[in-house]
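Asks: Got a structure here, written out as structure tokens. Questions coming.
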Amino acid sequence: MARTMTTGELRRWRTAVAACCGVWLCVLAPSCDRDERPAEIRVITDRTEDHLAPIFEAYTKATKIPITAVYLQEGLISRLESRPTEADVVITKDADLLEIASSKGLLQPLASRRIEQVVPAKYRSPDGTFFSDSYRGRVIFYSKDRVSPNDLRSYDDLADPRWKGRVCIRSGYHDYNLNIFGQVLAKNGEASTRTFLEKLAANLARRPVGNDRDQAKAISEGACDLTVANSYYQGIMLSSSDQRPWGEATRVFFPDQDGCGSYVLLSGLALTKATTNVSAARELLEYMVQDSTQDFTTKLTYAYPVIAGRPMPEINRQLGQGQPQVHDGVFRICEVPLKTIAANREKVIRILDEIHFDQRP
């Protein structure tokens, strides 16, 4: 006579059957892999929420995978170090920060054939831990009424005594300026960079304050005539009703077009070392370099795409007008290795401290 199972035995039997069936379902349908269908993808970023949120929404709509993002103003590396398991993906406005993160062992190799195929090698890190999906020039904005492009040639013009009291700039310690000053140091050496920064500080019309658009606003109000800003701000300002006067009052000049070229800032994207959602997180990064996403990103942010052949925004084609070396917004780029920029970061900070840059004039 067959024995009737107890309640406990019946529960264990059902569990075993479910597990067995689950194994066969996974064999027949690999998509059941938890790594490929996580509850969410977690992102930590210092980029603007207005620029990333629409992209994340489109991704979630297409894949049904929600993205939870933490948006930071600063301190990205410190956050990664203190909370290494907080995110699957890190996205930054400055890829040199990911060079630092990689050196600290906070990232893992992407291992993506798709990214290797479509992203040029110069926009991928040599160790394979991060890549860029866009870039923007860090260039000179000048008053269209008080300055001619014929008056400008290079970044050194910002330190020329003839512009004394006519230059505005944001804090020298902001990531954007630490990056560009690090590139100046790579090109010219520490002694020349110190001299450049001292002379630049002596030319300031006011103490470094605000963001890049605040400097363009100051130019429109006549407080200064020159500044250093990211090229995409021209498109952003001209597309905004309240900021349009600032964009209309300024023009963009790409320095050193007859030399090394203008400095650029690269975005950066990577997988965190601690993520267990590797496949899904990698797919999000691959999504960021699809043609449609590249087109959407550049249209939204006025940055330049890294994928060859993708169109740039029409406003970008107008940048650099009056410069014989710039055609349809295409300019020569001075390519400085991110490893070098990251290595120069502390040197630049030391110089800024010693000359009291942010306390000038």
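Following the order of the structure tokens, chains are lettered A, B, ..., residues in each are numbered from 1, and ligands are numbered from 1.
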So that each row is one residue of range 128-155 of chain A with an atom at most 10 Å from range 212-220 of chain A, can you give its shortest atom pair and the distance in Å to one decimal, using only C-alpha atoms, rows by chain and rising number, as JSON lines?
Replies:
```
{"residue": "A:Phe141", "atom": "CA", "partner": "A:Ala216", "partner_atom": "CA", "distance": 7.3}
{"residue": "A:Tyr142", "atom": "CA", "partner": "A:Ile219", "partner_atom": "CA", "distance": 7.5}
{"residue": "A:Ser143", "atom": "CA", "partner": "A:Ile219", "partner_atom": "CA", "distance": 6.1}
{"residue": "A:Lys144", "atom": "CA", "partner": "A:Ser220", "partner_atom": "CA", "distance": 9.3}
{"residue": "A:Asp145", "atom": "CA", "partner": "A:Ser220", "partner_atom": "CA", "distance": 9.5}
{"residue": "A:Arg146", "atom": "CA", "partner": "A:Ile219", "partner_atom": "CA", "distance": 9.7}
```
Asks: Can I get the selection written as a PDB file, in the first residue's frame, with C-alpha atoms?
Replies:
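Result file is selection.pdb:
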```pdb
ATOM      1  CA  PHE A 141      33.749  81.868 -26.223  1.00  0.00           C
ATOM      2  CA  TYR A 142      34.099  85.522 -27.163  1.00  0.00           C
ATOM      3  CA  SER A 143      31.922  88.627 -27.471  1.00  0.00           C
ATOM      4  CA  LYS A 144      30.697  88.926 -31.060  1.00  0.00           C
ATOM      5  CA  ASP A 145      30.491  92.718 -30.686  1.00  0.00           C
ATOM      6  CA  ARG A 146      33.814  93.449 -28.975  1.00  0.00           C
TER       7      ARG A 146
END
```
Asks: Compile a residue-level contact table for range 259-354 of chain A against range 160-171 of chain A at a cut-off of 12 Å, reporting for every qualifying residue the shortest atom pair and its distance in Å to one decimal, with only C-alpha atoms counted, rows ordered by chain and ascending number, as a Markdown table.
Replies:
```
| residue | atom | partner | partner_atom | distance |
| --- | --- | --- | --- | --- |
| A:Ile349 | CA | A:Ser171 | CA | 11.4 |
| A:Leu352 | CA | A:Ser171 | CA | 10.0 |
| A:Asp353 | CA | A:Ser171 | CA | 11.9 |
```
Asks: Tell me, counting only C-alpha atoms, for each residue of range 87-156 of chain A within 10 Å of range 297-310 of chain A, which pair of atoms is nearest and how far apart they are in Å to one decimal, in rows ordered by chain and increasing number, as CSV.
Replies:
```
residue,atom,partner,partner_atom,distance
A:Val118,CA,A:Ile307,CA,6.5
A:Val119,CA,A:Ile307,CA,6.1
A:Pro120,CA,A:Val306,CA,7.4
A:Lys122,CA,A:Val306,CA,9.6
A:Tyr123,CA,A:Val306,CA,7.3
A:Phe131,CA,A:Val306,CA,10.0
A:Ser132,CA,A:Val306,CA,7.3
A:Asp133,CA,A:Val306,CA,5.7
A:Ser134,CA,A:Pro305,CA,4.7
A:Tyr135,CA,A:Tyr304,CA,5.2
A:Arg136,CA,A:Ala303,CA,5.3
A:Gly137,CA,A:Ala303,CA,8.5
```
Asks: Between A:Glu283, A:Asp295, A:Glu49, A:Glu116, which is the closest to Asp88 in chain A once you count only C-alpha atoms?
Replies: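 When distances to Asp88 in chain A are compared using only C-alpha atoms, the smallest one comes from A:Glu283.
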Asks: If we count only C-alpha atoms and set the cut-off at 10 Å, which residues sit around Arg47 in chain A, ignoring sequence neighbours fewer than 2 positions away in its own chain? Please answer as a PyMOL selection string.
Replies: chain A and resi 44-45+49-52+70-74+91-94+267-268
Asks: Please indicate the distance in Å from CA of Ser112 in chain A to CA of Arg138 in chain A, rounded to one decimal place.
Replies: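 Computing the Euclidean distance for CA of Ser112 in chain A and CA of Arg138 in chain A yields 29.6 Å.
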Asks: One decimal, in Å: what's the spacing between CA of Gly235 in chain A and CA of Phe253 in chain A?
Replies: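 Atom-to-atom, CA of Gly235 in chain A to CA of Phe253 in chain A, that is 14.1 Å.
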Asks: Considering only C-alpha atoms, can you say which of A:Ala69, A:Ile315, A:Val348, A:Ile140 comes closest to Ile55 in chain A?
Replies: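 Among the listed residues, A:Ala69 lies closest to Ile55 in chain A.
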Asks: Using CA of Ala343 in chain A and CA of Asn211 in chain A as the two end points, give the distance in Å to one decimal.
Replies: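 Here the two named atoms are 24.8 Å from each other.
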Asks: Hey, what does DSSP flag as helix (DSSP H, G or I) within range 206-345 of chain A? Can you give it to me as a PyMOL selection string?
Replies: chain A and resi 212-220+232-238+244-249+278-287+291-301+314-317+338-345
Asks: Which residues are close to Ser78 in chain A, i.e. within 10 Å by only C-alpha atoms, leaving aside same-chain residues fewer than 5 positions away? Reply as a list in words.
Replies: Arg83, Pro84 and Ala101 of chain A
Asks: Could you write out that same residue set with N, CA and C atoms as a PDB file, in the first residue's frame?
Replies:
```
ATOM      1  N   ARG A  83      31.158  53.282  -1.850  1.00  0.00           N
ATOM      2  CA  ARG A  83      29.995  52.421  -2.062  1.00  0.00           C
ATOM      3  C   ARG A  83      30.190  51.590  -3.335  1.00  0.00           C
ATOM      4  N   PRO A  84      31.142  50.690  -3.329  1.00  0.00           N
ATOM      5  CA  PRO A  84      31.497  49.955  -4.558  1.00  0.00           C
ATOM      6  C   PRO A  84      30.392  49.078  -5.124  1.00  0.00           C
ATOM      7  N   ALA A 101      39.493  55.833 -11.824  1.00  0.00           N
ATOM      8  CA  ALA A 101      38.725  54.722 -11.260  1.00  0.00           C
ATOM      9  C   ALA A 101      39.334  53.381 -11.650  1.00  0.00           C
TER      10      ALA A 101
END
```
Asks: Going by DSSP on the backbone, which bits of range 67-214 of chain A are strand (DSSP E)? Write them as a PyMOL selection string, please.
Replies: chain A and resi 67-71+89-92+107-108+130-131+134-143
Asks: When you look at range 172-189 of chain A with a cut-off of 7 Å (counting only C-alpha atoms), what residues show up, excluding the ones that are within fewer than 5 positions of it in the same chain? I need them as a count of residues only.
Replies: 10
Asks: In terms of the shortest atom-to-atom distance over only C-alpha atoms, which of A:Leu200, A:Ala53, A:Leu80, A:Val330 is closest to Asp157 in chain A?
Replies: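 Checking each candidate against Asp157 in chain A, we get A:Leu200 as the closest.
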